[in-house]
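Have a look at data-v3.pdb below; it lists PDB, C-alpha atoms.
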```pdb
MODEL        1
ATOM      1  CA  MET A   1     -42.050  79.812  -7.017  1.00  0.00           C
ATOM      2  CA  ASP A   2     -43.447  78.016 -10.021  1.00  0.00           C
ATOM      3  CA  ILE A   3     -47.161  78.364  -9.390  1.00  0.00           C
ATOM      4  CA  SER A   4     -49.509  75.990 -11.184  1.00  0.00           C
ATOM      5  CA  SER A   5     -52.991  74.574 -10.755  1.00  0.00           C
ATOM      6  CA  LYS A   6     -51.926  71.113  -9.528  1.00  0.00           C
ATOM      7  CA  CYS A   7     -48.509  71.621  -7.965  1.00  0.00           C
ATOM      8  CA  THR A   8     -46.440  74.626  -6.937  1.00  0.00           C
ATOM      9  CA  GLY A   9     -42.678  74.269  -6.835  1.00  0.00           C
ATOM     10  CA  TYR A  10     -40.771  76.445  -4.410  1.00  0.00           C
ATOM     11  CA  SER A  11     -37.252  77.164  -3.265  1.00  0.00           C
ATOM     12  CA  ILE A  12     -36.065  79.171  -0.288  1.00  0.00           C
ATOM     13  CA  VAL A  13     -32.698  80.781  -0.900  1.00  0.00           C
ATOM     14  CA  GLU A  14     -30.134  82.956   0.781  1.00  0.00           C
ATOM     15  CA  VAL A  15     -27.606  85.209  -0.931  1.00  0.00           C
ATOM     16  CA  SER A  16     -24.199  85.170   0.734  1.00  0.00           C
ATOM     17  CA  ASN A  17     -20.936  86.477  -0.754  1.00  0.00           C
ATOM     18  CA  LYS A  18     -22.311  86.443  -4.316  1.00  0.00           C
ATOM     19  CA  THR A  19     -23.451  82.824  -3.895  1.00  0.00           C
ATOM     20  CA  LEU A  20     -27.065  81.680  -4.089  1.00  0.00           C
ATOM     21  CA  ILE A  21     -27.585  79.050  -1.392  1.00  0.00           C
ATOM     22  CA  PHE A  22     -30.651  76.818  -1.609  1.00  0.00           C
ATOM     23  CA  LYS A  23     -31.964  76.270   1.924  1.00  0.00           C
ATOM     24  CA  GLU A  24     -35.157  74.394   1.034  1.00  0.00           C
ATOM     25  CA  ILE A  25     -36.616  73.038  -2.200  1.00  0.00           C
ATOM     26  CA  GLY A  26     -40.002  71.377  -2.434  1.00  0.00           C
ATOM     27  CA  ALA A  27     -43.387  71.027  -4.061  1.00  0.00           C
ATOM     28  CA  LEU A  28     -46.878  71.790  -2.815  1.00  0.00           C
ATOM     29  CA  PHE A  29     -49.168  69.233  -4.406  1.00  0.00           C
ATOM     30  CA  ARG A  30     -52.881  69.946  -4.726  1.00  0.00           C
ATOM     31  CA  PRO A  31     -54.875  66.873  -3.626  1.00  0.00           C
ATOM     32  CA  ILE A  32     -57.177  65.580  -6.367  1.00  0.00           C
ATOM     33  CA  THR A  33     -60.005  65.515  -3.812  1.00  0.00           C
ATOM     34  CA  TRP A  34     -59.880  69.311  -3.588  1.00  0.00           C
ATOM     35  CA  THR A  35     -62.444  70.138  -6.240  1.00  0.00           C
ATOM     36  CA  GLU A  36     -62.837  73.648  -4.803  1.00  0.00           C
ATOM     37  CA  SER A  37     -59.811  75.747  -5.783  1.00  0.00           C
ATOM     38  CA  GLY A  38     -60.169  77.983  -2.729  1.00  0.00           C
ATOM     39  CA  LYS A  39     -58.693  75.241  -0.517  1.00  0.00           C
ATOM     40  CA  TYR A  40     -55.551  75.235  -2.647  1.00  0.00           C
ATOM     41  CA  TYR A  41     -55.245  79.022  -2.470  1.00  0.00           C
ATOM     42  CA  LYS A  42     -55.585  78.925   1.321  1.00  0.00           C
ATOM     43  CA  TYR A  43     -52.962  76.172   1.442  1.00  0.00           C
ATOM     44  CA  LEU A  44     -50.538  78.393  -0.504  1.00  0.00           C
ATOM     45  CA  ILE A  45     -51.238  81.363   1.792  1.00  0.00           C
ATOM     46  CA  ASP A  46     -50.832  79.259   4.950  1.00  0.00           C
ATOM     47  CA  PHE A  47     -47.583  77.781   3.629  1.00  0.00           C
ATOM     48  CA  ILE A  48     -46.079  81.217   2.933  1.00  0.00           C
ATOM     49  CA  VAL A  49     -47.218  82.684   6.256  1.00  0.00           C
ATOM     50  CA  ASP A  50     -45.856  79.626   8.108  1.00  0.00           C
ATOM     51  CA  LYS A  51     -42.459  79.813   6.370  1.00  0.00           C
ATOM     52  CA  CYS A  52     -42.233  83.555   7.035  1.00  0.00           C
ATOM     53  CA  SER A  53     -43.009  83.126  10.737  1.00  0.00           C
ATOM     54  CA  SER A  54     -40.405  80.358  11.053  1.00  0.00           C
ATOM     55  CA  LYS A  55     -37.214  81.383  12.806  1.00  0.00           C
ATOM     56  CA  ALA A  56     -35.290  79.211  10.323  1.00  0.00           C
ATOM     57  CA  TYR A  57     -35.649  81.714   7.476  1.00  0.00           C
ATOM     58  CA  ASN A  58     -35.534  85.449   6.946  1.00  0.00           C
ATOM     59  CA  ILE A  59     -37.815  85.697   3.915  1.00  0.00           C
ATOM     60  CA  GLU A  60     -38.021  89.161   2.376  1.00  0.00           C
ATOM     61  CA  LYS A  61     -39.282  88.529  -1.138  1.00  0.00           C
ATOM     62  CA  ILE A  62     -41.270  86.079  -3.218  1.00  0.00           C
ATOM     63  CA  VAL A  63     -40.221  85.614  -6.822  1.00  0.00           C
ATOM     64  CA  ALA A  64     -42.576  83.748  -9.121  1.00  0.00           C
ATOM     65  CA  GLU A  65     -42.583  82.877 -12.766  1.00  0.00           C
ATOM     66  CA  ALA A  66     -44.630  85.380 -14.767  1.00  0.00           C
ATOM     67  CA  TYR A  67     -47.751  83.687 -16.056  1.00  0.00           C
ATOM     68  CA  PHE A  68     -48.387  82.894 -19.689  1.00  0.00           C
ATOM     69  CA  VAL A  69     -51.087  80.592 -21.043  1.00  0.00           C
ATOM     70  CA  SER A  70     -49.437  77.457 -22.382  1.00  0.00           C
ATOM     71  CA  PRO A  71     -50.138  76.754 -26.055  1.00  0.00           C
ATOM     72  CA  PHE A  72     -50.266  73.061 -25.104  1.00  0.00           C
ATOM     73  CA  LYS A  73     -52.835  73.215 -22.290  1.00  0.00           C
ATOM     74  CA  GLY A  74     -55.987  75.154 -21.633  1.00  0.00           C
ATOM     75  CA  SER A  75     -57.168  73.541 -18.412  1.00  0.00           C
ATOM     76  CA  GLY A  76     -56.214  75.125 -15.135  1.00  0.00           C
ATOM     77  CA  THR A  77     -55.456  78.523 -16.635  1.00  0.00           C
ATOM     78  CA  SER A  78     -57.899  80.495 -14.464  1.00  0.00           C
ATOM     79  CA  VAL A  79     -56.780  78.532 -11.404  1.00  0.00           C
ATOM     80  CA  VAL A  80     -53.176  79.629 -11.980  1.00  0.00           C
ATOM     81  CA  VAL A  81     -54.142  83.309 -12.199  1.00  0.00           C
ATOM     82  CA  GLU A  82     -56.138  83.011  -8.967  1.00  0.00           C
ATOM     83  CA  ALA A  83     -53.331  81.058  -7.254  1.00  0.00           C
ATOM     84  CA  ILE A  84     -50.861  83.807  -8.181  1.00  0.00           C
ATOM     85  CA  GLY A  85     -53.311  86.312  -6.692  1.00  0.00           C
ATOM     86  CA  SER A  86     -53.430  84.357  -3.435  1.00  0.00           C
ATOM     87  CA  VAL A  87     -49.614  84.263  -3.298  1.00  0.00           C
ATOM     88  CA  LYS A  88     -49.496  88.027  -3.876  1.00  0.00           C
ATOM     89  CA  ALA A  89     -52.090  88.536  -1.116  1.00  0.00           C
ATOM     90  CA  SER A  90     -50.069  86.351   1.257  1.00  0.00           C
ATOM     91  CA  CYS A  91     -47.194  88.827   0.945  1.00  0.00           C
ATOM     92  CA  TYR A  92     -49.160  91.224   3.158  1.00  0.00           C
ATOM     93  CA  PHE A  93     -49.773  88.839   6.079  1.00  0.00           C
ATOM     94  CA  PRO A  94     -46.241  88.770   7.519  1.00  0.00           C
ATOM     95  CA  LYS A  95     -44.956  91.929   9.169  1.00  0.00           C
ATOM     96  CA  PRO A  96     -43.113  93.538   7.558  1.00  0.00           C
ATOM     97  CA  SER A  97     -44.806  92.594   4.320  1.00  0.00           C
ATOM     98  CA  LEU A  98     -42.897  90.803   1.570  1.00  0.00           C
ATOM     99  CA  GLU A  99     -41.944  92.074  -1.857  1.00  0.00           C
ATOM    100  CA  PHE A 100     -43.371  90.205  -4.840  1.00  0.00           C
ATOM    101  CA  GLU A 101     -41.556  90.060  -8.158  1.00  0.00           C
ATOM    102  CA  SER A 102     -41.956  87.949 -11.244  1.00  0.00           C
ATOM    103  CA  ILE A 103     -39.677  86.874 -14.054  1.00  0.00           C
ATOM    104  CA  ALA A 104     -40.743  85.644 -17.487  1.00  0.00           C
ATOM    105  CA  PRO A 105     -39.912  82.022 -18.354  1.00  0.00           C
ATOM    106  CA  GLN A 106     -37.890  83.052 -21.392  1.00  0.00           C
ATOM    107  CA  THR A 107     -35.900  85.505 -19.239  1.00  0.00           C
ATOM    108  CA  TRP A 108     -34.828  83.099 -16.490  1.00  0.00           C
ATOM    109  CA  ARG A 109     -34.083  80.390 -19.049  1.00  0.00           C
ATOM    110  CA  SER A 110     -31.942  82.759 -21.131  1.00  0.00           C
ATOM    111  CA  MET A 111     -30.045  83.852 -18.002  1.00  0.00           C
ATOM    112  CA  LEU A 112     -29.099  80.187 -17.515  1.00  0.00           C
ATOM    113  CA  ASP A 113     -28.508  79.596 -21.242  1.00  0.00           C
ATOM    114  CA  ILE A 114     -31.268  76.981 -21.436  1.00  0.00           C
ATOM    115  CA  LYS A 115     -32.309  76.237 -25.006  1.00  0.00           C
ATOM    116  CA  LYS A 116     -35.343  74.248 -26.054  1.00  0.00           C
ATOM    117  CA  ASP A 117     -34.844  70.809 -27.528  1.00  0.00           C
ATOM    118  CA  ASP A 118     -36.955  70.613 -30.687  1.00  0.00           C
ATOM    119  CA  THR A 119     -36.439  66.854 -30.906  1.00  0.00           C
ATOM    120  CA  LEU A 120     -38.885  66.577 -27.982  1.00  0.00           C
ATOM    121  CA  LYS A 121     -42.609  67.340 -27.933  1.00  0.00           C
ATOM    122  CA  GLY A 122     -44.763  69.719 -25.908  1.00  0.00           C
ATOM    123  CA  SER A 123     -43.484  71.109 -22.639  1.00  0.00           C
ATOM    124  CA  ALA A 124     -40.666  68.507 -22.591  1.00  0.00           C
ATOM    125  CA  ARG A 125     -38.877  70.733 -25.138  1.00  0.00           C
ATOM    126  CA  PHE A 126     -38.017  73.032 -22.208  1.00  0.00           C
ATOM    127  CA  LYS A 127     -38.470  70.766 -19.166  1.00  0.00           C
ATOM    128  CA  VAL A 128     -35.776  68.224 -20.101  1.00  0.00           C
ATOM    129  CA  PRO A 129     -33.037  70.786 -20.955  1.00  0.00           C
ATOM    130  CA  THR A 130     -33.957  72.773 -17.818  1.00  0.00           C
ATOM    131  CA  LYS A 131     -33.508  69.751 -15.552  1.00  0.00           C
ATOM    132  CA  THR A 132     -30.216  68.835 -17.249  1.00  0.00           C
ATOM    133  CA  LYS A 133     -28.829  72.380 -16.931  1.00  0.00           C
ATOM    134  CA  ILE A 134     -29.843  72.849 -13.291  1.00  0.00           C
ATOM    135  CA  GLU A 135     -28.466  69.463 -12.296  1.00  0.00           C
ATOM    136  CA  SER A 136     -25.196  70.483 -13.951  1.00  0.00           C
ATOM    137  CA  LEU A 137     -25.070  73.885 -12.216  1.00  0.00           C
ATOM    138  CA  LEU A 138     -25.775  72.353  -8.792  1.00  0.00           C
ATOM    139  CA  ASN A 139     -23.759  69.188  -9.436  1.00  0.00           C
ATOM    140  CA  LEU A 140     -26.640  66.942  -8.406  1.00  0.00           C
ATOM    141  CA  THR A 141     -29.267  64.570  -9.697  1.00  0.00           C
ATOM    142  CA  PHE A 142     -32.795  65.401  -8.608  1.00  0.00           C
ATOM    143  CA  PRO A 143     -34.395  62.492  -6.738  1.00  0.00           C
ATOM    144  CA  GLU A 144     -37.006  60.433  -8.578  1.00  0.00           C
ATOM    145  CA  GLN A 145     -39.497  61.170  -5.777  1.00  0.00           C
ATOM    146  CA  THR A 146     -40.194  63.981  -3.329  1.00  0.00           C
ATOM    147  CA  PHE A 147     -42.467  64.077  -0.318  1.00  0.00           C
ATOM    148  CA  ASP A 148     -46.092  65.216  -0.613  1.00  0.00           C
ATOM    149  CA  ILE A 149     -46.859  66.827   2.762  1.00  0.00           C
ATOM    150  CA  LEU A 150     -50.651  66.784   2.418  1.00  0.00           C
ATOM    151  CA  GLY A 151     -50.825  63.323   0.910  1.00  0.00           C
ATOM    152  CA  ASN A 152     -48.236  62.069   3.423  1.00  0.00           C
ATOM    153  CA  LYS A 153     -46.553  60.015   0.711  1.00  0.00           C
ATOM    154  CA  PHE A 154     -43.812  60.126  -1.876  1.00  0.00           C
ATOM    155  CA  ARG A 155     -44.639  61.232  -5.410  1.00  0.00           C
ATOM    156  CA  LYS A 156     -42.713  61.612  -8.641  1.00  0.00           C
ATOM    157  CA  THR A 157     -40.580  64.754  -8.467  1.00  0.00           C
ATOM    158  CA  PRO A 158     -42.542  67.367 -10.428  1.00  0.00           C
ATOM    159  CA  THR A 159     -41.051  69.634 -13.073  1.00  0.00           C
ATOM    160  CA  ASP A 160     -42.493  72.542 -11.042  1.00  0.00           C
ATOM    161  CA  LEU A 161     -39.882  71.838  -8.355  1.00  0.00           C
ATOM    162  CA  VAL A 162     -37.041  71.916 -10.895  1.00  0.00           C
ATOM    163  CA  ASP A 163     -38.426  75.080 -12.504  1.00  0.00           C
ATOM    164  CA  ALA A 164     -38.645  76.805  -9.092  1.00  0.00           C
ATOM    165  CA  VAL A 165     -34.897  76.261  -8.705  1.00  0.00           C
ATOM    166  CA  GLY A 166     -34.282  77.654 -12.203  1.00  0.00           C
ATOM    167  CA  ILE A 167     -36.511  80.663 -11.517  1.00  0.00           C
ATOM    168  CA  ALA A 168     -34.440  81.544  -8.435  1.00  0.00           C
ATOM    169  CA  MET A 169     -31.145  81.046 -10.280  1.00  0.00           C
ATOM    170  CA  GLY A 170     -32.206  83.113 -13.283  1.00  0.00           C
ATOM    171  CA  PHE A 171     -33.751  85.896 -11.200  1.00  0.00           C
ATOM    172  CA  PHE A 172     -30.727  86.376  -8.956  1.00  0.00           C
ATOM    173  CA  LYS A 173     -28.310  86.148 -11.870  1.00  0.00           C
ATOM    174  CA  LYS A 174     -30.285  88.881 -13.650  1.00  0.00           C
ATOM    175  CA  THR A 175     -30.778  91.149 -10.625  1.00  0.00           C
ATOM    176  CA  GLN A 176     -27.554  90.583  -8.664  1.00  0.00           C
ATOM    177  CA  GLY A 177     -25.135  88.981 -11.130  1.00  0.00           C
ATOM    178  CA  ILE A 178     -24.962  85.746  -9.147  1.00  0.00           C
ATOM    179  CA  THR A 179     -23.357  82.846 -10.988  1.00  0.00           C
ATOM    180  CA  THR A 180     -22.291  80.628  -8.077  1.00  0.00           C
ATOM    181  CA  TYR A 181     -24.833  78.223  -6.645  1.00  0.00           C
ATOM    182  CA  ASN A 182     -24.804  75.942  -3.632  1.00  0.00           C
ATOM    183  CA  MET A 183     -27.337  73.786  -1.850  1.00  0.00           C
ATOM    184  CA  GLU A 184     -27.582  72.638   1.741  1.00  0.00           C
ATOM    185  CA  SER A 185     -27.364  68.859   2.007  1.00  0.00           C
ATOM    186  CA  ASN A 186     -30.948  68.438   3.228  1.00  0.00           C
ATOM    187  CA  ALA A 187     -32.545  71.167   1.097  1.00  0.00           C
ATOM    188  CA  ILE A 188     -34.768  68.941  -1.064  1.00  0.00           C
ATOM    189  CA  LYS A 189     -37.852  67.880   0.889  1.00  0.00           C
ATOM    190  CA  LEU A 190     -37.583  64.099   1.034  1.00  0.00           C
ATOM    191  CA  LYS A 191     -39.641  63.695   4.178  1.00  0.00           C
ATOM    192  CA  ASN A 192     -42.169  65.549   6.310  1.00  0.00           C
ATOM    193  CA  ASP A 193     -40.027  67.717   8.572  1.00  0.00           C
TER
ENDMDL
END
```
Represent the structure contained in this file as structure tokens.
Amino acid sequence: MDISSKCTGYSIVEVSNKTLIFKEIGALFRPITWTESGKYYKYLIDFIVDKCSSKAYNIEKIVAEAYFVSPFKGSGTSVVVEAIGSVKASCYFPKPSLEFESIAPQTWRSMLDIKKDDTLKGSARFKVPTKTKIESLLNLTFPEQTFDILGNKFRKTPTDLVDAVGIAMGFFKKTQGITTYNMESNAIKLKND
């Protein structure tokens, strides 16, 4: 998961024969009308509990990007810490409880050999090369838009979604030596299903 104050990217994966298979990739957008952060935290908890109770997946662990305050933004920083706390708490709702692990951004990027592009500014220095690398590894082009479940509409595909894929790839390469990646044909959430 790439947990942030406005949108959380996620991917649900399965490891099979040293291949990381992406079963579902999506983004949880926080509605702008939710001025109280607690609603967003509950939404994250409910999402995790719902996915864990689904017969479609056998979720055992949540992996999230370790949190660092961005030198480019100050807003939303306390919300991210609290959102991470709610995700950690949600690990104890399913039975058996889930493991929670984190991986630093520089670690998962280095595992995928992603280098910043200093010709770009701000977060784009990492976001653009990350998207390019992941699209290359999965042999795909991310769609321009993904579905916002709460807003019941399509929105621009967020970088959080792309980063969530990179976090999973980097984590499993580091911990299990996985270098082969695959994705189910309907993994990216393009509609409400």
* To do: Can you work out the spacing between atom CA of Ser54 of chain A and atom CA of Phe93 of chain A in Å, to one decimal?
  => 13.6 Å
* Where does the PyMOL selection byres ((chain A and resi 12) around 7) land in this file, that is, which residues does it pick, as a list in words? -> Tyr10, Ser11, Val13, Phe22, Lys23, Glu24 and Ile25 of chain A
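Summary of the local environment: counting all atoms listed in the file, residues at most 8 Å from segment 85-88 of chain A, other than itself and those fewer than 5 positions away along its chain, are Tyr41, Lys42, Leu44, Ile45, Ile48 and Phe100 of chain A.
Going from atom CA of Lys51 of chain A over to atom CA of Asn186 of chain A, you cover 16.5 Å.
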* To do: Compile the contact shell of Tyr181 of chain A as a ChimeraX atom specification: residues with an atom at most 12 Å away, counting all atoms listed in the file, same-chain residues fewer than 6 positions apart removed.
  => /A:13-23,112,134-140,165-166,168-170,172-173
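Each of A:Ser102, A:Thr141, A:Asn152, A:Thr132 was compared to Lys61 of chain A using all atoms listed in the file, and A:Ser102 turns out to be the nearest.
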Please enclose the listed atoms of segment 140-149 of chain A in an axis-aligned box, pad each side by 3 Å, and write out the centre and the three edge lengths in Å, rounded to one decimal, as JSON.
```
{"center_x": -36.7, "center_y": 63.7, "center_z": -3.5, "size_x": 26.2, "size_y": 12.5, "size_z": 18.5}
```
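Of the residues listed (A:Thr175, A:Ser90, A:Ser37, A:Ser5), A:Ser90 shows the shortest atom-to-atom separation from Val49 of chain A; distances use all atoms listed in the file.
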* **Top pick for closest residue to Lys174 of chain A, considering A:Phe126, A:Phe47, A:Trp108, A:Ala187 and counting all atoms listed in the file** => A:Trp108
